[in-house]
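Please read the structure below before turning to the comments.
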Number of protein chains: 2
Amino acid sequence: MSTAEEAQGDPACTGELPHAASSGPVSHAVSRVARLHRIAAGKLLKGLGLYPGQEFVMMRLWDAGPVRQSELIKAADLDPSTVTKMLQRLEQSGHVRRCPDPDDRRAVLVEATERSCALLSDVSAAWAELEEHTLRGLDEDDRRELARLLSRVEANLCTETADCPERRGGD
Amino acid sequence: MSTAEEAQGDPACTGELPHAASSGPVSHAVSRVARLHRIAAGKLLKGLGLYPGQEFVMMRLWDAGPVRQSELIKAADLDPSTVTKMLQRLEQSGHVRRCPDPDDRRAVLVEATERSCALLSDVSAAWAELEEHTLRGLDEDDRRELARLLSRVEANLCTETADCPERRGGD
DNA sequence: AATATTACCTTGGTCGGCCAATGAATGCGC
DNA sequence: GCGCATTCATTGGCCGACCAAGGTAATATT
């Protein structure tokens, strides 16, 4: 076994930035952090029977009670088809119940099952753990700063790619 | 009751944090930023015939020339199967050429096609644009700070969930 | 040399996520 | 009332990403 190279070393953590990405170091970091963060979330959620991404939907349901699917879509800002499929799986796994909306025959009302409500505290705890894992070693100032900067970045990314002269036409 | 205050025009940009996620505001922000960032990258790459995620592999190939698939896997820190499928599609779309490694009959050598090399500058430009889009409005200090914090977070997420021994300082 | 291990890649499955296109019900304008 | 546009949700296709399992070849062990 010659590989004296740190059995569990950091494969990708050695930030070897590709040349073509040198123009976007932060973007690169965002991508890597995103994947790692998702993986970490996935591990924590796995024990709860949830897949990463489903928590957002469940959280909305826990918060808001029975809602239209369109509300979920708007709240999570996801593609309708994404939500449809996710809900089908969540229904299959017993986390969610769906029934037609009596008021609008094309709409569907979604609500969290009682069983899933038992997960609420676990998911909250998992998220707290994830947060701590993510921010370990950062003091309060750093955390605030990171939150602030991410918020700025999010706002930036919410604007269309190259057409945000912050002045759309009349309406 | 029935305060319909959340029924506003802005879909997701209004940071209405679910209650269950209040324990992890930064994690939530990371998730949202990640998705938005990926979407932005996707839009920029679409015109170049690439899908988000493929750039990383291509960048490695442009940097390193013909490499083993395992090198790519290690460099990008992706699942082998992910790389296999991605390369199959990249080969199909003409961005990549693969041939068996004469030195190791189970290995595969991968290289960027000449055609794809023409994309290098475009991808670099796209990444620069993405970076600017991401960081618009942040001054140099903020950008440095964000890079620093993301780096810290990345390091955190590289450690297993509850196991953070002394980390190697990497040269 | 024969066997066991390990490394390399592939296949098949699953999920989240997107887009495009479709069908069904509602609502608006005429 | 009738027709058209909107909204709601679904389907199918695609891609990235994961895991689990498998097959083949190189290497270590015996």
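Letters for chains follow the order of the structure tokens (A, B, ...), residue numbers begin at 1 for each chain, and ligand numbers begin at 1 in the order shown.
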Could you list, with a cut-off of 12 Å and counting only C-alpha atoms, the residues of region 4-88 of chain B near region 99-121 of chain B, each shown with its nearest atom pair and the distance in Å rounded to one decimal, rows sorted by chain and ascending number, as CSV?
residue,atom,partner,partner_atom,distance
B:Leu45,CA,B:Leu119,CA,10.2
B:Gly47,CA,B:Leu119,CA,10.6
B:Leu48,CA,B:Leu119,CA,7.2
B:Gly49,CA,B:Leu119,CA,9.3
B:Leu50,CA,B:Leu119,CA,9.7
B:Gln54,CA,B:Ser116,CA,11.9
B:Glu55,CA,B:Leu120,CA,9.6
B:Phe56,CA,B:Leu120,CA,11.6
B:Val57,CA,B:Ala112,CA,9.6
B:Met58,CA,B:Ala112,CA,7.0
B:Met59,CA,B:Leu120,CA,7.8
B:Arg60,CA,B:Ala112,CA,9.3
B:Leu61,CA,B:Ala112,CA,5.8
B:Trp62,CA,B:Ala112,CA,6.4
B:Asp63,CA,B:Ala112,CA,9.6
B:Ala64,CA,B:Glu111,CA,8.6
B:Gly65,CA,B:Glu111,CA,5.7
B:Pro66,CA,B:Glu111,CA,4.3
B:Val67,CA,B:Leu109,CA,5.3
B:Arg68,CA,B:Leu109,CA,4.6
B:Gln69,CA,B:Val108,CA,6.0
B:Ser70,CA,B:Ala107,CA,8.0
B:Glu71,CA,B:Leu109,CA,9.6
B:Leu72,CA,B:Val110,CA,8.8
B:Ile73,CA,B:Val110,CA,11.6
B:Val83,CA,B:Val110,CA,11.1
B:Thr84,CA,B:Val108,CA,10.3
B:Met86,CA,B:Val110,CA,11.9
B:Leu87,CA,B:Val110,CA,8.5
B:Gln88,CA,B:Val110,CA,10.8
Same-sequence pair chain B/chain A: after least-squares overlay on all Cα in order, RMSD is 4.0 Å
Nearest residue to chain B from the set C:DC8, C:DA25, C:DC30, C:DC18 (distances using only C-alpha atoms (C1' of nucleotides)):
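Smallest separation from chain B among the options: C:DC8.
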Would you write out, as a tab-separated table, a table of all residues in chain D that have an atom no more than 10 Å from an atom of chain B, listing for each the closest atom pair and the distance in Å to one decimal, considering only C-alpha atoms (C1' of nucleotides) and ordering rows by chain and rising residue number?
residue	atom	partner	partner_atom	distance
D:DC15	C1'	B:Tyr51	CA	7.4
D:DG16	C1'	B:Gly53	CA	6.7
D:DA17	C1'	B:Thr82	CA	6.4
D:DC18	C1'	B:Asp79	CA	7.3
D:DC19	C1'	B:Asp79	CA	9.3
D:DT24	C1'	B:Arg106	CA	6.7
D:DA25	C1'	B:Arg106	CA	5.4
D:DA26	C1'	B:Asp104	CA	7.6
Taking only C-alpha atoms into account, which residues of chain A are within 6 Å of chain B, as a list in words?
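Per the criterion, chain A yields Ala12, Pro18, Ala20, Ser23, Gly24, Val26, Ser27, Val33, Ala34, Leu36, Met59, Lys74, Asp77, Ser124, Trp127, Ala128, Glu131, Thr134, Ala147, Val153, Glu154, Asn156 and Leu157 of chain A.
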DSSP on the backbone: what in chain A comes out alpha helix (DSSP H), as a PyMOL selection string?
chain A and resi 25-46+54-64+69-76+80-92+114-117+119-135+140-158
Near chain B, meaning an atom within 10 Å, which residues of chain C appear when counting only C-alpha atoms (C1' of nucleotides)? Write them as a list in words.
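Taken together, these residues fit the definition: DA7, DC8, DC9, DT10, DT11, DG17 and DC18 of chain C.
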For C-alpha atoms (C1' of nucleotides), I'd like the residues from the last selection saved as a compact mmCIF listing (two decimals), in the first residue's frame.
# COMPACT_ATOMS: atom_id res chain seq x y z
C1' DA C 7 -8.25 -0.01 -9.27
C1' DC C 8 -10.88 1.45 -13.48
C1' DC C 9 -14.92 2.08 -15.73
C1' DT C 10 -19.71 0.86 -16.93
C1' DT C 11 -24.59 -0.10 -16.15
C1' DG C 17 -34.09 20.11 -11.36
C1' DC C 18 -35.12 22.17 -15.91
Chain A: which residues are strand (DSSP E or B) by DSSP, as an mmCIF file with N, CA and C atoms, in the first residue's frame?
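Wrote it out as selection_4.cif, contents follow:
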data_model
loop_
_atom_site.group_PDB
_atom_site.id
_atom_site.type_symbol
_atom_site.label_atom_id
_atom_site.label_comp_id
_atom_site.auth_asym_id
_atom_site.auth_seq_id
_atom_site.Cartn_x
_atom_site.Cartn_y
_atom_site.Cartn_z
ATOM 1 N N VAL A 67 -52.197 23.658 1.367
ATOM 2 C CA VAL A 67 -52.013 24.727 0.382
ATOM 3 C C VAL A 67 -52.165 24.161 -1.014
ATOM 4 N N ARG A 68 -52.388 25.057 -1.915
ATOM 5 C CA ARG A 68 -52.402 24.659 -3.305
ATOM 6 C C ARG A 68 -50.985 24.348 -3.755
ATOM 7 N N VAL A 96 -47.002 13.121 2.710
ATOM 8 C CA VAL A 96 -47.872 14.167 2.183
ATOM 9 C C VAL A 96 -49.201 13.562 1.748
ATOM 10 N N ARG A 97 -50.238 14.340 1.857
ATOM 11 C CA ARG A 97 -51.540 13.901 1.372
ATOM 12 C C ARG A 97 -52.036 14.935 0.373
ATOM 13 N N ARG A 98 -52.652 14.457 -0.671
ATOM 14 C CA ARG A 98 -53.164 15.374 -1.682
ATOM 15 C C ARG A 98 -54.613 15.062 -1.974
ATOM 16 N N CYS A 99 -55.359 16.130 -2.128
ATOM 17 C CA CYS A 99 -56.744 15.931 -2.509
ATOM 18 C C CYS A 99 -57.174 17.088 -3.381
ATOM 19 N N PRO A 100 -58.142 16.850 -4.231
ATOM 20 C CA PRO A 100 -58.587 17.912 -5.142
ATOM 21 C C PRO A 100 -59.204 19.056 -4.367
ATOM 22 N N VAL A 108 -55.008 21.296 -6.767
ATOM 23 C CA VAL A 108 -54.790 20.208 -5.827
ATOM 24 C C VAL A 108 -54.353 20.803 -4.500
ATOM 25 N N LEU A 109 -54.964 20.325 -3.438
ATOM 26 C CA LEU A 109 -54.547 20.769 -2.116
ATOM 27 C C LEU A 109 -53.575 19.761 -1.520
ATOM 28 N N VAL A 110 -52.554 20.283 -0.933
ATOM 29 C CA VAL A 110 -51.513 19.428 -0.377
ATOM 30 C C VAL A 110 -51.377 19.730 1.099
ATOM 31 N N GLU A 111 -51.185 18.688 1.870
ATOM 32 C CA GLU A 111 -50.902 18.917 3.283
ATOM 33 C C GLU A 111 -49.988 17.826 3.802
ATOM 34 N N ALA A 112 -49.278 18.177 4.843
ATOM 35 C CA ALA A 112 -48.378 17.221 5.470
ATOM 36 C C ALA A 112 -49.201 16.225 6.279
#
Give me the residues near DA5 (chain D) as a VMD selection string, where near means some atom within 10 Å (using only C-alpha atoms (C1' of nucleotides)) and where sequence neighbours in that chain fewer than 3 positions away do not count.
chain C and resid 27 to 29
Keeping only N, CA and C atoms (P, O5', C5', C4', C3', O3' and C1' of nucleotides), write those residues as a PDB file, in the first residue's frame.
ATOM      1  P    DG C  27     -63.109  31.126 -11.550  1.00  0.00           P
ATOM      2  O5'  DG C  27     -62.668  32.200 -12.648  1.00  0.00           O
ATOM      3  C5'  DG C  27     -61.289  32.508 -12.786  1.00  0.00           C
ATOM      4  C4'  DG C  27     -61.083  33.483 -13.929  1.00  0.00           C
ATOM      5  C3'  DG C  27     -62.125  34.603 -13.990  1.00  0.00           C
ATOM      6  O3'  DG C  27     -61.445  35.847 -14.102  1.00  0.00           O
ATOM      7  C1'  DG C  27     -61.976  33.487 -16.088  1.00  0.00           C
ATOM      8  P    DC C  28     -62.271  37.179 -14.062  1.00  0.00           P
ATOM      9  O5'  DC C  28     -62.044  37.760 -15.513  1.00  0.00           O
ATOM     10  C5'  DC C  28     -60.731  37.721 -16.078  1.00  0.00           C
ATOM     11  C4'  DC C  28     -60.790  38.027 -17.569  1.00  0.00           C
ATOM     12  C3'  DC C  28     -61.683  39.216 -17.922  1.00  0.00           C
ATOM     13  O3'  DC C  28     -60.958  40.137 -18.714  1.00  0.00           O
ATOM     14  C1'  DC C  28     -62.302  37.293 -19.203  1.00  0.00           C
ATOM     15  P    DG C  29     -61.546  41.543 -18.966  1.00  0.00           P
ATOM     16  O5'  DG C  29     -61.987  41.423 -20.499  1.00  0.00           O
ATOM     17  C5'  DG C  29     -61.012  41.059 -21.470  1.00  0.00           C
ATOM     18  C4'  DG C  29     -61.706  40.696 -22.779  1.00  0.00           C
ATOM     19  C3'  DG C  29     -62.668  41.772 -23.282  1.00  0.00           C
ATOM     20  O3'  DG C  29     -62.357  42.074 -24.639  1.00  0.00           O
ATOM     21  C1'  DG C  29     -63.732  39.648 -23.240  1.00  0.00           C
TER      22       DG C  29
END
